[in-house]
Amino acid sequence: MQTPILKINGFAKHFTLHEQGKKIPSSHNVNLEVYAGELTALIGPTGAGKSSVLKGIYRTYLPSAGEILYRDRHGELVDLAQADEYRMLQLRHEEIGFVTQFLFCLPRQSTLDVVAHPLVVRGESRESARSKAAEMLAALNLPERLWSISPATFSGGEKQRVNLARGLVAKPRLLLLDEPTASLDPVTAERVIGIIEGIKQEGVAMLAIFHHPELTHRLGDRVVELTPPSTLIQTQAINKQEKAVA
Amino acid sequence: MRKILEVRNLSKIYGKGCPRCIESTGPEADTNMCPHCGSVVAIHDVSFDLHEGEILGLMGESGSGKSTVVKNLYFDQTPSSGSARFFEEDATHEMFNLNAAQQRRLRNQRFGMVYQNPHLGLNFGISSGGNIAERLLMSDVSHYGEIRERAKELLSRTEVLLSRMDESPAAFSGGMQQRVQIAKALATNPPLLYLDEVTTGLDLSVQARILDLILEIQQERNTAMIVVTHDLGVIRLLTGRALVMKYGRVIESGLTDQILEDPQHAYTQRLVASAL
């Protein structure tokens, strides 16, 4: 039997807001597995903590509980919930890609350089990185006249294509996708689906959030449903009302 | 990536100090001044690593001790306790055990510093080119023509007009002065650069170009940097990891995107929430 690239046991994430004295639960009791050449779809209503799972894997959020067992390309098992910062950075550069819901990139950089960046970080020459970036942008149907300018002024759909191109160009071993087709027109969405199917054939493992059940059905090899956590837990700390009373 | 700097338990106390200084200061005590003896605990127990080509952010408000950290590491000040090791390919330096000449060598040849106040980093009594020559002379380059060429190269890299290289930095705008400082800091091609609030007080457009220059340099030369700033935008733009300081203590550290999106400490949450 195949062993998973990623296995999550009992993951939870909550936020402690000190100012308001509140503890806000996000994800709770998440268990899932992701395999090479397969896509695991995360589904559930808004607020079920789907994005928190992806951010917890990538360490944009610090997990509150659970294990995130990742098997790296040398076969070594790492708990991403515990790994040190340098290990996380190395995995981000070399193995784990994340296409977030919204594009964040350095300002004043051309789209081509934004997309080429993950390859440059890995040590590829600027020219070869840029030519691969161009191929990916073309595959995603982003007009060539936009390549030399910064994505800052792009429309939502254009930004999303830049974001996808940057995530896909580096061919990570594990790719996290947060609603990758949300603001795309049907033609471009269809291209993205084609590309996802293609990299799945190449053995990339994916964990993705889709909000269309149809996409889950078409692309998901496994489906994990999250439920929203129970209501927020009030802690005893500084609470405005208490302050007012005092 | 190779480790180039390892700082452990660095502390700096101004004043004579007393046994109760540490317990009476810090974020919980809400002060860095000891109520018993009046000493100021500028930094206490600061530890971190820095790898080749990495940009580490030190963030916090005025008085949090972030500048004190780099001043100690650049030998502008002597720490009260703690250690720092600087790793070169073929040697490891226990920084605070070196003699004055050895410290000067590291300072002149292996480290670069860019201060918020150009008066600290530049000699306003001589030309901009002369400022760079001064640093090259201290690191054993002594051929006049060679120095002049190298100064030209550095100033043009940092986009300072060569036609003005014989003028004193006093005649330059704030942004230009920072460019001369950066050129001077880079003169010996150091593997480690300290940047202390380098864009604070500059126009936004000038800030943006200085920050772009810093990133380009980091990519071209793989220079490791410690960036001291209270500006979250600078932290987000430049750094991969960051430490948050308050009243001389590191209250939180992590990957920069995590610090900004999921801050753990009450103070960091307030800081991030108050970003424009």
# chains A, B, ... in the order shown; residues from 1 in each chain; ligands from 1
call {"tool": "residues_around", "arguments": {"residues": "range 264-272 of chain B", "least_positions_apart": "2", "cutoff": "12 Å", "atoms": "only C-alpha atoms", "output": "ChimeraX atom specification"}}
result
/A:14-23,61-64,237-238 /B:27-28,30,59-61,64,230-233,235-236,242-247,250-254,256-262,274-276
call {"tool": "select_by_dssp", "arguments": {"residues": "range 10-136 of chain B", "states": "alpha helix (DSSP H)", "output": "number ranges by chain"}}
result
B: 66-73, 100-105, 118-121, 128-136
call {"tool": "residues_around", "arguments": {"residues": "Thr40 in chain A", "least_positions_apart": "5", "cutoff": "9 Å", "atoms": "only C-alpha atoms", "output": "list in words"}}
result
Leu32, Glu33, Val34, Tyr35, Ala205, Met206, Leu207, Ala208, Ile209, Thr216, Leu219, Gly220, Asp221, Arg222, Val223 and Val224 of chain A
call {"tool": "write_last_selection", "arguments": {"atoms": "N, CA and C atoms", "output": "PDB file, in the first residue's frame"}}
result
ATOM      1  N   LEU A  32      -6.575  14.004   7.948  1.00  0.00           N
ATOM      2  CA  LEU A  32      -6.611  13.762   6.512  1.00  0.00           C
ATOM      3  C   LEU A  32      -5.290  13.200   6.007  1.00  0.00           C
ATOM      4  N   GLU A  33      -5.338  12.687   4.775  1.00  0.00           N
ATOM      5  CA  GLU A  33      -4.140  12.150   4.138  1.00  0.00           C
ATOM      6  C   GLU A  33      -4.060  12.659   2.708  1.00  0.00           C
ATOM      7  N   VAL A  34      -2.843  12.903   2.266  1.00  0.00           N
ATOM      8  CA  VAL A  34      -2.634  13.320   0.878  1.00  0.00           C
ATOM      9  C   VAL A  34      -1.557  12.416   0.283  1.00  0.00           C
ATOM     10  N   TYR A  35      -1.819  11.932  -0.940  1.00  0.00           N
ATOM     11  CA  TYR A  35      -0.901  10.989  -1.588  1.00  0.00           C
ATOM     12  C   TYR A  35      -0.322  11.585  -2.871  1.00  0.00           C
ATOM     13  N   ALA A 205       1.354  15.877  -5.282  1.00  0.00           N
ATOM     14  CA  ALA A 205       0.285  15.651  -4.306  1.00  0.00           C
ATOM     15  C   ALA A 205      -0.393  16.985  -4.030  1.00  0.00           C
ATOM     16  N   MET A 206      -1.733  17.006  -3.977  1.00  0.00           N
ATOM     17  CA  MET A 206      -2.416  18.279  -3.780  1.00  0.00           C
ATOM     18  C   MET A 206      -3.478  18.203  -2.691  1.00  0.00           C
ATOM     19  N   LEU A 207      -3.568  19.312  -1.956  1.00  0.00           N
ATOM     20  CA  LEU A 207      -4.638  19.479  -0.985  1.00  0.00           C
ATOM     21  C   LEU A 207      -5.329  20.772  -1.377  1.00  0.00           C
ATOM     22  N   ALA A 208      -6.618  20.677  -1.723  1.00  0.00           N
ATOM     23  CA  ALA A 208      -7.264  21.843  -2.327  1.00  0.00           C
ATOM     24  C   ALA A 208      -8.621  22.144  -1.714  1.00  0.00           C
ATOM     25  N   ILE A 209      -8.929  23.434  -1.680  1.00  0.00           N
ATOM     26  CA  ILE A 209     -10.259  23.877  -1.275  1.00  0.00           C
ATOM     27  C   ILE A 209     -10.975  24.332  -2.540  1.00  0.00           C
ATOM     28  N   THR A 216     -14.919  19.450  -7.004  1.00  0.00           N
ATOM     29  CA  THR A 216     -14.538  18.421  -6.039  1.00  0.00           C
ATOM     30  C   THR A 216     -14.745  17.048  -6.665  1.00  0.00           C
ATOM     31  N   LEU A 219     -12.090  16.560  -9.664  1.00  0.00           N
ATOM     32  CA  LEU A 219     -10.650  16.511  -9.387  1.00  0.00           C
ATOM     33  C   LEU A 219     -10.279  15.743  -8.126  1.00  0.00           C
ATOM     34  N   GLY A 220     -11.222  15.617  -7.189  1.00  0.00           N
ATOM     35  CA  GLY A 220     -10.875  15.040  -5.891  1.00  0.00           C
ATOM     36  C   GLY A 220     -10.770  13.527  -5.928  1.00  0.00           C
ATOM     37  N   ASP A 221      -9.651  13.002  -5.423  1.00  0.00           N
ATOM     38  CA  ASP A 221      -9.525  11.561  -5.272  1.00  0.00           C
ATOM     39  C   ASP A 221     -10.011  11.149  -3.889  1.00  0.00           C
ATOM     40  N   ARG A 222      -9.906  12.080  -2.957  1.00  0.00           N
ATOM     41  CA  ARG A 222     -10.414  11.888  -1.600  1.00  0.00           C
ATOM     42  C   ARG A 222     -11.112  13.171  -1.210  1.00  0.00           C
ATOM     43  N   VAL A 223     -12.111  13.070  -0.373  1.00  0.00           N
ATOM     44  CA  VAL A 223     -12.825  14.263   0.074  1.00  0.00           C
ATOM     45  C   VAL A 223     -12.864  14.266   1.598  1.00  0.00           C
ATOM     46  N   VAL A 224     -12.510  15.399   2.189  1.00  0.00           N
ATOM     47  CA  VAL A 224     -12.551  15.525   3.648  1.00  0.00           C
ATOM     48  C   VAL A 224     -13.476  16.685   3.965  1.00  0.00           C
TER      49      VAL A 224
END
call {"tool": "closest_residue", "arguments": {"among": "A:Pro229, A:Pro186, A:Gly198, A:Pro107", "to": "chain B", "atoms": "only C-alpha atoms"}}
result
A:Pro107
call {"tool": "select_by_dssp", "arguments": {"residues": "range 28-176 of chain B", "states": "strand (DSSP E)", "output": "VMD selection string"}}
result
chain B and resid 40 to 51 55 to 59 81 to 87 92 to 94 111 to 114
call {"tool": "write_last_selection", "arguments": {"atoms": "C-alpha atoms", "output": "compact mmCIF listing (two decimals), in the first residue's frame"}}
result
# COMPACT_ATOMS: atom_id res chain seq x y z
CA VAL B 40 18.29 50.80 32.15
CA VAL B 41 18.09 47.23 30.91
CA ALA B 42 18.38 48.02 27.20
CA ILE B 43 18.40 44.37 26.14
CA HIS B 44 18.30 41.13 28.08
CA ASP B 45 18.75 37.53 26.99
CA VAL B 46 18.54 38.09 23.23
CA SER B 47 19.39 34.96 21.22
CA PHE B 48 19.07 34.20 17.52
CA ASP B 49 20.81 32.66 14.53
CA LEU B 50 21.40 34.18 11.12
CA HIS B 51 22.14 32.24 7.97
CA ILE B 55 17.28 38.89 6.05
CA LEU B 56 16.18 38.92 9.68
CA GLY B 57 13.91 41.66 11.00
CA LEU B 58 14.14 43.18 14.48
CA MET B 59 10.89 45.00 15.16
CA SER B 81 26.97 39.74 29.02
CA GLY B 82 26.27 37.17 26.36
CA SER B 83 28.09 35.86 23.34
CA ALA B 84 28.11 36.18 19.58
CA ARG B 85 29.95 33.92 17.17
CA PHE B 86 30.67 34.94 13.60
CA PHE B 87 31.45 32.10 11.21
CA THR B 92 34.96 31.07 13.84
CA HIS B 93 35.22 34.29 15.82
CA GLU B 94 34.02 34.56 19.40
CA PHE B 111 30.45 43.83 8.47
CA GLY B 112 28.69 46.85 7.05
CA MET B 113 26.43 49.26 8.90
CA VAL B 114 23.85 51.73 7.65
call {"tool": "closest_residue", "arguments": {"among": "B:Arg105, B:Glu89, B:Tyr14, B:Pro19", "to": "Met33 in chain B", "atoms": "only C-alpha atoms"}}
result
B:Tyr14
call {"tool": "closest_residue", "arguments": {"among": "B:Ser24, B:Met225, B:Tyr194, B:Met1", "to": "Asp76 in chain B", "atoms": "only C-alpha atoms"}}
result
B:Tyr194
call {"tool": "closest_residue", "arguments": {"among": "A:Leu184, A:Ser110, A:Ala133, A:Val162", "to": "Ser150 in chain A", "atoms": "only C-alpha atoms"}}
result
A:Ser110
call {"tool": "closest_residue", "arguments": {"among": "B:Gly248, B:Gly240, B:Gly15, B:Gly174", "to": "chain A", "atoms": "only C-alpha atoms"}}
result
B:Gly240
